[in-house]
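Here's the structure we're looking at; comments come further down.
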2 protein chains.
Amino acid sequence: MARDRITVVDVAEAAGVSRSTVSLVLRGSPSISRPTQERVLAKIKELGYVYDRRAASLRASKSHIVGLVIHDLLNPVFAELAVGVDSVSQAEGYVQFLSHTADDVQRQQEVITMMQENGIAGLILSPAHGTRPRDLDALRRAGLPIVQMGRSVARAGIPYVVSDNRAGAAAAVRYLRELGHEEIAFVGGLTDSRTFQERVRGFREALHDTGAPDRPAPVIPAEPSRAGGGEAFEQLRRQRLPTAVVCFNDAVALGVYGALREAGLEPARDLSVVGFDDVAEARSASPQLTTVAIDASAVGQTAARLLLRAIADASHTTKSRVRSVTLPVRLVVRHSCAPPRSPMRLSGSRSTRDRARAPLP
Amino acid sequence: MARDRITVVDVAEAAGVSRSTVSLVLRGSPSISRPTQERVLAKIKELGYVYDRRAASLRASKSHIVGLVIHDLLNPVFAELAVGVDSVSQAEGYVQFLSHTADDVQRQQEVITMMQENGIAGLILSPAHGTRPRDLDALRRAGLPIVQMGRSVARAGIPYVVSDNRAGAAAAVRYLRELGHEEIAFVGGLTDSRTFQERVRGFREALHDTGAPDRPAPVIPAEPSRAGGGEAFEQLRRQRLPTAVVCFNDAVALGVYGALREAGLEPARDLSVVGFDDVAEARSASPQLTTVAIDASAVGQTAARLLLRAIADASHTTKSRVRSVTLPVRLVVRHSCAPPRSPMRLSGSRSTRDRARAPLP
DNA sequence: CTGTTAGCGCTTTCAA
DNA sequence: TTGAAAGCGCTAACAG
């Protein structure tokens, strides 16, 4: 990896000081005289010395590396989460290991182990579906701080940073109710995921709170993908089509949208569609879709800050418990929704500003 | 980071062998008897020992870490590149540092330095716009292998893995020419990027090769974003609208598409639009857009394999030069194109299979 | 096949 | 403020 590496000793000799002086300069200790400091720094640059953090980390048993494990980096929301983490860890002088697990628990175990062996100071995890609390025991035994991000494992006792799934689904429902919809379905998502459970919960609560008819609203689980959305739509159609659907995420919403058109129906007119998980508007895959937008970058940044704080606390033995955080979401109204065909408005009245534009491909 | 870490010595004692025996077991040396091996492995598990790769790496001066620096992880194409790299590095027992530079050269310098200090064995780089060869001098001086991915810095003498931009643009042009288009523009992209230059080159060559009218075809540079596409469209329109455009990437294509509709025009009928850089169809942001599809995952995997090979060679002093690789692309025809309005077909005749469906939002 | 002896490059007492 | 010595956890020669 290195040929005749230049070390602190070389720098010390060249600068005419001792190695510990160099070491102190390297870490910006205030107990070094200005001229000495400058001389050393000059020599460092001159010799092209590069600091070896492995050695430092080994000796001091503390590193400036965090682990970041993402179940699906191809999902733009999680890519944005990762970038959020990256921005703060970079700013704080950390680097990160980043691995994608493709939602595979075993692969996740492997990368976590590898990261631990390489001396991470803490871990941010978007857990693979099916992760159990005990899967993280090795880390906890080592005293490494962990923060879950974007997703969370139930009753694991591990802090998490997520967006407000419940409130998001509720906002979608309230919006549709105001338009006059009475028959609203929830579509997509895997039943054993906590995210799904929370979104469904918000969905049901809001239906109840807005005094929707008392018959149980349809909830159709499906793979959280475009294909899953298509299948769920077919299933819904075989039963009885509602006038509106809230989708587990944007991929599902696009699937529903597509299936709808295949069936010769018209979005908004025949079925109002609300998505979820939309990334920043500018990057949205679906600029016309009404959606519950989450601020993925903020989630990532928050997770990183929590983790770094926990790392700092751990060395100070301050032992402050890290608290979980739930970040707000907002409903972005675009023209995939309309009042139901035979309207029975509760209050309704919405801007049609956006509705003139035709959908993009 | 660790409290009373369990070390090889502990394992050795517990298993009644010497530390070097443990070390050999750890690395799966064949020169250890089966029973001993098992006994040691058992103790390792029992004690919850975790291998410290920093120490190993320090001593052996070789690591199992690669650096991966991406100029824009929010671009789905580059996210997929990263996942491609991840899959092979994971399979080969490597972990990666991954950082996003937001196309900022200085930020890139910082993360590369940090990675080097942390002992990477090599670097895969999607260089920030404006990177100069000398920005990588520190790495080269240290003898670290580098592979560029998805993009490349001109005349840097550093191997790269990219898709075939020239052939892709040419394929798009040929397709449009066959439909009968004579006035075709190229839209979007930054003039000083090599990717842009190659795409424009393929564009021009194909126009020439297909015997297009000899007046110079319009090339409108613009930010490679949706906004850039919109602006470019306006500019094009102020001059004179061609019958077809080849776009620098899908974001630009979507921008053109949107602007087109804003202007009350109809895609395909009034202007045929071809995109570029489309990710795997299933994830495509634009399921209706005719596009030059690149296999981002393959690019990532190839880059990773090249790098790992270079790393292996470097230690063996085999010193094999790594060669750059250009991967094929393919044109995916969907219904954003049609013959020009007053058709003067050269050969024309295309499937309309897909054209029945309306665009998605 | 196993044990012993030196370090990898750094931080960290502890004196000076 | 600076210098000397010890050692983080591991691997790399060797010698047995």
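Each chain of the structure tokens is named A, B, ... in the order shown, its residues numbered from 1; ligands are numbered from 1 in display order.
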
I need the chain A residues near chain D as a list in words; criterion: at most 10 Å, counting only C-alpha atoms (C1' of nucleotides). Val17, Ser18, Arg19, Ser20, Thr21, Ser31, Ile32, Ser33, Ala55, Ala56, Ser57, Leu58, Arg59, Ala60 and Ser61 of chain A

Interface residues on chain C facing chain B, 12 Å, only C-alpha atoms (C1' of nucleotides), written as a JSON list (two decimals) with N, CA and C atoms (P, O5', C5', C4', C3', O3' and C1' of nucleotides), in the first residue's frame:
```json
[["chain", "number", "residue", "atom", "x", "y", "z"],
["C", 1, "DC", "P", -0.30, -30.16, 8.85],
["C", 1, "DC", "O5'", 0.38, -29.26, 9.91],
["C", 1, "DC", "C5'", -0.27, -28.97, 11.09],
["C", 1, "DC", "C4'", 0.81, -28.59, 12.08],
["C", 1, "DC", "C3'", 0.50, -27.31, 12.84],
["C", 1, "DC", "O3'", 0.18, -27.69, 14.18],
["C", 1, "DC", "C1'", 2.80, -27.54, 12.26],
["C", 2, "DT", "P", -0.65, -26.76, 15.09],
["C", 2, "DT", "O5'", 0.46, -25.98, 15.90],
["C", 2, "DT", "C5'", 1.18, -26.70, 16.89],
["C", 2, "DT", "C4'", 2.36, -25.87, 17.30],
["C", 2, "DT", "C3'", 2.00, -24.55, 17.99],
["C", 2, "DT", "O3'", 2.44, -24.66, 19.34],
["C", 2, "DT", "C1'", 3.80, -24.31, 16.45],
["C", 3, "DG", "P", 1.95, -23.57, 20.38],
["C", 3, "DG", "O5'", 3.26, -22.68, 20.54],
["C", 3, "DG", "C5'", 4.37, -23.23, 21.20],
["C", 3, "DG", "C4'", 5.59, -22.33, 21.02],
["C", 3, "DG", "C3'", 5.45, -20.94, 21.64],
["C", 3, "DG", "O3'", 6.60, -20.68, 22.43],
["C", 3, "DG", "C1'", 6.17, -20.79, 19.39],
["C", 4, "DT", "P", 6.65, -19.45, 23.40],
["C", 4, "DT", "O5'", 7.87, -18.60, 22.86],
["C", 4, "DT", "C5'", 8.94, -19.23, 22.17],
["C", 4, "DT", "C4'", 9.81, -18.19, 21.48],
["C", 4, "DT", "C3'", 9.75, -16.80, 22.11],
["C", 4, "DT", "O3'", 11.08, -16.34, 22.31],
["C", 4, "DT", "C1'", 9.31, -16.66, 19.77],
["C", 5, "DT", "P", 11.38, -14.97, 23.08],
["C", 5, "DT", "O5'", 11.62, -13.99, 21.85],
["C", 5, "DT", "C5'", 12.60, -14.34, 20.86],
["C", 5, "DT", "C4'", 12.57, -13.31, 19.75],
["C", 5, "DT", "C3'", 12.49, -11.86, 20.25],
["C", 5, "DT", "O3'", 13.46, -11.08, 19.55],
["C", 5, "DT", "C1'", 10.81, -12.24, 18.64],
["C", 6, "DA", "P", 13.98, -9.72, 20.22],
["C", 6, "DA", "O5'", 13.86, -8.72, 19.00],
["C", 6, "DA", "C5'", 12.57, -8.29, 18.62],
["C", 6, "DA", "C4'", 12.52, -8.01, 17.13],
["C", 6, "DA", "C3'", 12.26, -6.54, 16.90],
["C", 6, "DA", "O3'", 12.70, -6.17, 15.61],
["C", 6, "DA", "C1'", 10.30, -7.80, 16.43],
["C", 7, "DG", "P", 13.01, -4.64, 15.35],
["C", 7, "DG", "O5'", 11.94, -3.93, 16.34],
["C", 7, "DG", "C5'", 11.11, -2.87, 15.89],
["C", 7, "DG", "C4'", 10.24, -3.27, 14.70],
["C", 7, "DG", "C3'", 9.22, -2.21, 14.34],
["C", 7, "DG", "O3'", 9.20, -2.03, 12.93],
["C", 7, "DG", "C1'", 8.13, -4.25, 14.88],
["C", 8, "DC", "P", 8.94, -0.59, 12.39],
["C", 8, "DC", "O5'", 7.44, -0.64, 11.81],
["C", 8, "DC", "C5'", 7.17, -1.09, 10.50],
["C", 8, "DC", "C4'", 5.67, -1.03, 10.28],
["C", 8, "DC", "C3'", 5.04, 0.32, 10.59],
["C", 8, "DC", "O3'", 4.78, 0.96, 9.34],
["C", 8, "DC", "C1'", 3.82, -1.50, 11.66],
["C", 9, "DG", "P", 5.47, 2.33, 8.96],
["C", 9, "DG", "O5'", 4.66, 3.39, 9.82],
["C", 9, "DG", "C5'", 3.28, 3.61, 9.53],
["C", 9, "DG", "C4'", 2.63, 4.32, 10.70],
["C", 9, "DG", "C3'", 3.31, 5.64, 11.07],
["C", 9, "DG", "O3'", 2.29, 6.63, 11.10],
["C", 9, "DG", "C1'", 3.00, 4.28, 12.97],
["C", 10, "DC", "P", 2.55, 8.12, 11.52],
["C", 10, "DC", "O5'", 1.92, 8.15, 12.98],
["C", 10, "DC", "C5'", 0.52, 8.17, 13.11],
["C", 10, "DC", "C4'", 0.10, 7.59, 14.44],
["C", 10, "DC", "C3'", 0.19, 8.55, 15.61],
["C", 10, "DC", "O3'", -1.08, 9.19, 15.75],
["C", 10, "DC", "C1'", 0.96, 6.36, 16.17]]
```

What residues in region 22-168 of chain A get the DSSP label strand (DSSP E)? Please answer as a PyMOL selection string. chain A and resi 65-70+95-100+122-125+146-149+160-163

Please tabulate, as a Markdown table, the residues of chain B that come within 8 Å of chain A, each with its closest pair of atoms and the distance in Å to one decimal, counting only C-alpha atoms and ordering rows by chain, then residue number upward.
```
| residue | atom | partner | partner_atom | distance |
| --- | --- | --- | --- | --- |
| B:Met1 | CA | A:Lys62 | CA | 5.4 |
| B:Ala2 | CA | A:Ala142 | CA | 5.7 |
| B:Arg3 | CA | A:Ala142 | CA | 7.2 |
| B:Gly48 | CA | A:Ala138 | CA | 7.9 |
| B:Val50 | CA | A:Glu117 | CA | 6.3 |
| B:Tyr51 | CA | A:Glu117 | CA | 5.5 |
| B:Asp52 | CA | A:Glu117 | CA | 5.1 |
| B:Arg53 | CA | A:Asn118 | CA | 5.1 |
| B:Arg54 | CA | A:Arg54 | CA | 5.5 |
| B:Ala55 | CA | A:Leu58 | CA | 6.4 |
| B:Ser57 | CA | A:Arg54 | CA | 7.8 |
| B:Leu58 | CA | A:Ala55 | CA | 6.4 |
| B:Ser61 | CA | A:Met1 | CA | 5.9 |
| B:Lys62 | CA | A:Met1 | CA | 5.4 |
| B:Ser63 | CA | A:Met1 | CA | 7.7 |
| B:Leu73 | CA | A:Ala79 | CA | 6.7 |
| B:Leu74 | CA | A:Ala79 | CA | 6.1 |
| B:Pro76 | CA | A:Leu74 | CA | 6.8 |
| B:Ala79 | CA | A:Leu74 | CA | 6.1 |
| B:Glu80 | CA | A:Leu74 | CA | 6.3 |
| B:Val83 | CA | A:His100 | CA | 6.7 |
| B:Asp86 | CA | A:Ser99 | CA | 6.5 |
| B:Gln90 | CA | A:Val111 | CA | 7.6 |
| B:Val95 | CA | A:Phe97 | CA | 6.9 |
| B:Gln96 | CA | A:Phe97 | CA | 5.4 |
| B:Phe97 | CA | A:Phe97 | CA | 4.2 |
| B:Leu98 | CA | A:Leu98 | CA | 5.6 |
| B:Ser99 | CA | A:Asp86 | CA | 6.5 |
| B:His100 | CA | A:Val83 | CA | 6.7 |
| B:Val111 | CA | A:Val95 | CA | 7.4 |
| B:Met114 | CA | A:Val95 | CA | 7.0 |
| B:Met115 | CA | A:Val95 | CA | 7.2 |
| B:Gln116 | CA | A:Val50 | CA | 8.0 |
| B:Glu117 | CA | A:Asp52 | CA | 5.1 |
| B:Asn118 | CA | A:Arg53 | CA | 5.1 |
| B:Gly119 | CA | A:Arg54 | CA | 6.8 |
| B:Ala121 | CA | A:Met1 | CA | 6.2 |
| B:Ala138 | CA | A:Gly48 | CA | 7.9 |
| B:Ala142 | CA | A:Ala2 | CA | 5.7 |
| B:Gly143 | CA | A:Ala2 | CA | 6.7 |
| B:Leu144 | CA | A:Met1 | CA | 6.7 |
| B:Leu254 | CA | A:Leu360 | CA | 7.5 |
| B:Tyr257 | CA | A:Leu360 | CA | 7.0 |
| B:Gly258 | CA | A:Leu360 | CA | 6.5 |
| B:Arg261 | CA | A:Ala358 | CA | 7.0 |
| B:Glu262 | CA | A:Arg357 | CA | 6.9 |
| B:Ala285 | CA | A:Ala285 | CA | 5.0 |
| B:Ser286 | CA | A:Pro361 | CA | 5.3 |
| B:Pro287 | CA | A:Pro361 | CA | 6.5 |
| B:Gln288 | CA | A:Pro361 | CA | 5.2 |
| B:Leu289 | CA | A:Pro361 | CA | 6.5 |
| B:Ser315 | CA | A:Met1 | CA | 7.6 |
| B:Arg357 | CA | A:Glu262 | CA | 6.9 |
| B:Ala358 | CA | A:Arg261 | CA | 7.0 |
| B:Pro359 | CA | A:Pro361 | CA | 4.3 |
| B:Leu360 | CA | A:Pro361 | CA | 4.8 |
| B:Pro361 | CA | A:Pro359 | CA | 4.4 |
```

Work out how far CA of Val69 (chain A) is from CA of Glu223 (chain A), in Å to one decimal.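 Computed distance, CA of Glu223 (chain A) to CA of Val69 (chain A), equals 21.6 Å.
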
Straight-line distance linking CA of Arg39 (chain A) with C1' of DA15 (chain C), stated in Å to one decimal: 25.3 Å

Near-Leu271 (chain B) list (10 Å; only C-alpha atoms (C1' of nucleotides); drop same-chain fewer than 5 positions) as a list in words: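 So the residues in contact are Ile184, Leu241, Pro242, Thr243, Ala244, Val245, Val256, Tyr257, Leu260, Leu265, Glu266, Ser336, Cys337, Ala338, Pro339, Pro340 and Arg341 of chain B.
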
Residues of the last selection are to be written out with C-alpha atoms, as a short mmCIF file (atom, residue, chain, number, x, y, z; two decimals), in the first residue's frame.
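Produced file again15.cif, reproduced below:
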```cif
data_model
loop_
_atom_site.label_atom_id
_atom_site.label_comp_id
_atom_site.auth_asym_id
_atom_site.auth_seq_id
_atom_site.Cartn_x
_atom_site.Cartn_y
_atom_site.Cartn_z
CA ILE B 184 -32.41 17.13 -35.12
CA LEU B 241 -37.83 24.20 -33.51
CA PRO B 242 -36.37 21.05 -35.05
CA THR B 243 -38.53 17.98 -35.44
CA ALA B 244 -36.51 15.94 -32.99
CA VAL B 245 -34.05 16.36 -30.11
CA VAL B 256 -37.86 19.46 -22.58
CA TYR B 257 -40.95 17.35 -22.36
CA LEU B 260 -43.09 21.36 -24.64
CA LEU B 265 -47.29 21.37 -28.06
CA GLU B 266 -47.55 17.64 -28.18
CA SER B 336 -41.87 9.78 -27.20
CA CYS B 337 -40.91 9.66 -30.85
CA ALA B 338 -42.75 9.62 -34.12
CA PRO B 339 -42.04 10.47 -37.73
CA PRO B 340 -41.82 14.19 -38.40
CA ARG B 341 -45.01 15.94 -39.27
#
```

I'd like the interatomic distance between CA of Val105 (chain B) and CA of Ile70 (chain B), to a tenth of an Å.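 Value for the CA of Val105 (chain B)-CA of Ile70 (chain B) distance: 11.3 Å.
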
DSSP helix (DSSP H, G or I) residues within region 160-228 of chain B, listed as number ranges by chain: B: 165-179, 194-209, 226-228

Go ahead and save the picked residues with N, CA and C atoms, as a tab-separated table (two decimals), in the first residue's frame.
```tsv
chain	number	residue	atom	x	y	z
B	165	ASN	N	-20.75	6.48	-24.94
B	165	ASN	CA	-21.50	7.70	-25.20
B	165	ASN	C	-21.66	8.00	-26.68
B	166	ARG	N	-20.59	7.78	-27.37
B	166	ARG	CA	-20.59	8.11	-28.79
B	166	ARG	C	-21.57	7.22	-29.54
B	167	ALA	N	-21.45	5.93	-29.30
B	167	ALA	CA	-22.35	4.99	-29.98
B	167	ALA	C	-23.80	5.21	-29.57
B	168	GLY	N	-24.00	5.58	-28.31
B	168	GLY	CA	-25.36	5.80	-27.83
B	168	GLY	C	-26.01	6.96	-28.56
B	169	ALA	N	-25.30	8.06	-28.63
B	169	ALA	CA	-25.86	9.23	-29.31
B	169	ALA	C	-26.08	8.90	-30.78
B	170	ALA	N	-25.14	8.15	-31.35
B	170	ALA	CA	-25.26	7.80	-32.76
B	170	ALA	C	-26.50	6.94	-32.98
B	171	ALA	N	-26.74	6.01	-32.09
B	171	ALA	CA	-27.91	5.14	-32.23
B	171	ALA	C	-29.20	5.95	-32.20
B	172	ALA	N	-29.21	6.94	-31.30
B	172	ALA	CA	-30.39	7.78	-31.20
B	172	ALA	C	-30.63	8.51	-32.52
B	173	VAL	N	-29.55	9.06	-33.06
B	173	VAL	CA	-29.67	9.80	-34.32
B	173	VAL	C	-30.12	8.88	-35.45
B	174	ARG	N	-29.51	7.73	-35.52
B	174	ARG	CA	-29.88	6.82	-36.61
B	174	ARG	C	-31.35	6.44	-36.54
B	175	TYR	N	-31.80	6.23	-35.33
B	175	TYR	CA	-33.21	5.89	-35.16
B	175	TYR	C	-34.11	7.02	-35.67
B	176	LEU	N	-33.76	8.22	-35.29
B	176	LEU	CA	-34.57	9.37	-35.70
B	176	LEU	C	-34.49	9.57	-37.22
B	177	ARG	N	-33.32	9.33	-37.74
B	177	ARG	CA	-33.16	9.47	-39.18
B	177	ARG	C	-34.02	8.47	-39.92
B	178	GLU	N	-34.08	7.28	-39.38
B	178	GLU	CA	-34.91	6.26	-40.03
B	178	GLU	C	-36.39	6.62	-39.99
B	179	LEU	N	-36.76	7.32	-38.94
B	179	LEU	CA	-38.14	7.78	-38.86
B	179	LEU	C	-38.40	8.88	-39.88
B	194	ARG	N	-16.38	15.77	-20.68
B	194	ARG	CA	-15.99	14.84	-21.71
B	194	ARG	C	-17.18	14.03	-22.19
B	195	THR	N	-18.04	13.70	-21.26
B	195	THR	CA	-19.24	12.95	-21.61
B	195	THR	C	-20.03	13.71	-22.67
B	196	PHE	N	-20.18	15.00	-22.43
B	196	PHE	CA	-20.88	15.85	-23.39
B	196	PHE	C	-20.19	15.81	-24.75
B	197	GLN	N	-18.90	15.98	-24.70
B	197	GLN	CA	-18.16	16.01	-25.97
B	197	GLN	C	-18.33	14.72	-26.76
B	198	GLU	N	-18.30	13.60	-26.04
B	198	GLU	CA	-18.43	12.32	-26.74
B	198	GLU	C	-19.83	12.13	-27.31
B	199	ARG	N	-20.81	12.56	-26.53
B	199	ARG	CA	-22.18	12.39	-27.02
B	199	ARG	C	-22.42	13.28	-28.25
B	200	VAL	N	-21.92	14.48	-28.16
B	200	VAL	CA	-22.08	15.38	-29.30
B	200	VAL	C	-21.33	14.84	-30.52
B	201	ARG	N	-20.21	14.26	-30.26
B	201	ARG	CA	-19.44	13.71	-31.36
B	201	ARG	C	-20.21	12.59	-32.06
B	202	GLY	N	-20.75	11.68	-31.25
B	202	GLY	CA	-21.54	10.59	-31.83
B	202	GLY	C	-22.74	11.14	-32.59
B	203	PHE	N	-23.33	12.16	-32.02
B	203	PHE	CA	-24.48	12.81	-32.63
B	203	PHE	C	-24.11	13.34	-34.02
B	204	ARG	N	-23.02	14.09	-34.07
B	204	ARG	CA	-22.63	14.70	-35.35
B	204	ARG	C	-22.20	13.66	-36.38
B	205	GLU	N	-21.42	12.70	-35.91
B	205	GLU	CA	-20.96	11.68	-36.84
B	205	GLU	C	-22.13	10.94	-37.47
B	206	ALA	N	-23.10	10.60	-36.63
B	206	ALA	CA	-24.23	9.83	-37.16
B	206	ALA	C	-25.04	10.67	-38.14
B	207	LEU	N	-25.16	11.95	-37.85
B	207	LEU	CA	-25.87	12.82	-38.78
B	207	LEU	C	-25.16	12.81	-40.13
B	208	HIS	N	-23.87	12.91	-40.03
B	208	HIS	CA	-23.08	12.92	-41.25
B	208	HIS	C	-23.20	11.59	-41.99
B	209	ASP	N	-23.04	10.51	-41.23
B	209	ASP	CA	-23.05	9.18	-41.84
B	209	ASP	C	-24.39	8.83	-42.49
B	226	ARG	N	-33.47	19.01	-15.11
B	226	ARG	CA	-34.76	19.26	-15.70
B	226	ARG	C	-34.89	20.74	-16.08
B	227	ALA	N	-34.43	21.58	-15.16
B	227	ALA	CA	-34.49	23.01	-15.43
B	227	ALA	C	-33.70	23.36	-16.69
B	228	GLY	N	-32.51	22.78	-16.78
B	228	GLY	CA	-31.68	23.03	-17.95
B	228	GLY	C	-32.40	22.64	-19.23
```

Residues near Phe248 (chain A), cut-off 6 Å, only C-alpha atoms (C1' of nucleotides), skip fewer than 4 positions along chain, as number ranges by chain: A: 187-189, 276

Just C-alpha atoms for this one: save the residues we selected as a PDB file, in the first residue's frame.
```
ATOM      1  CA  VAL A 187     -52.511   0.291  -1.087  1.00  0.00           C
ATOM      2  CA  GLY A 188     -49.057  -1.301  -1.013  1.00  0.00           C
ATOM      3  CA  GLY A 189     -46.438  -2.092   1.603  1.00  0.00           C
ATOM      4  CA  PHE A 276     -45.848   8.789  -0.290  1.00  0.00           C
TER       5      PHE A 276
END
```

Using only C-alpha atoms (C1' of nucleotides), which residues sit within 9 Å of Asp104 (chain B) once same-chain residues fewer than 4 positions away are excluded, as a ChimeraX atom specification? /B:71,108-109,128-131

Resulting file, chosen residues, N, CA and C atoms, as an mmCIF file, in the first residue's frame:
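That gives us selection05.cif:
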```cif
data_model
loop_
_atom_site.group_PDB
_atom_site.id
_atom_site.type_symbol
_atom_site.label_atom_id
_atom_site.label_comp_id
_atom_site.auth_asym_id
_atom_site.auth_seq_id
_atom_site.Cartn_x
_atom_site.Cartn_y
_atom_site.Cartn_z
ATOM 1 N N HIS B 71 -19.599 11.864 -7.604
ATOM 2 C CA HIS B 71 -19.893 13.296 -7.679
ATOM 3 C C HIS B 71 -21.356 13.589 -7.407
ATOM 4 N N GLN B 108 -14.083 17.103 -2.816
ATOM 5 C CA GLN B 108 -13.520 15.843 -3.299
ATOM 6 C C GLN B 108 -12.102 15.638 -2.772
ATOM 7 N N GLN B 109 -11.322 16.706 -2.795
ATOM 8 C CA GLN B 109 -9.958 16.594 -2.295
ATOM 9 C C GLN B 109 -9.954 16.174 -0.841
ATOM 10 N N ALA B 128 -15.443 14.892 -9.793
ATOM 11 C CA ALA B 128 -16.210 16.134 -9.794
ATOM 12 C C ALA B 128 -15.841 16.923 -11.041
ATOM 13 N N HIS B 129 -16.795 17.629 -11.546
ATOM 14 C CA HIS B 129 -16.606 18.456 -12.720
ATOM 15 C C HIS B 129 -15.506 19.471 -12.441
ATOM 16 N N GLY B 130 -14.469 19.439 -13.250
ATOM 17 C CA GLY B 130 -13.379 20.378 -13.019
ATOM 18 C C GLY B 130 -12.165 19.746 -12.360
ATOM 19 N N THR B 131 -12.232 18.466 -12.096
ATOM 20 C CA THR B 131 -11.085 17.773 -11.511
ATOM 21 C C THR B 131 -9.920 17.787 -12.497
#
```
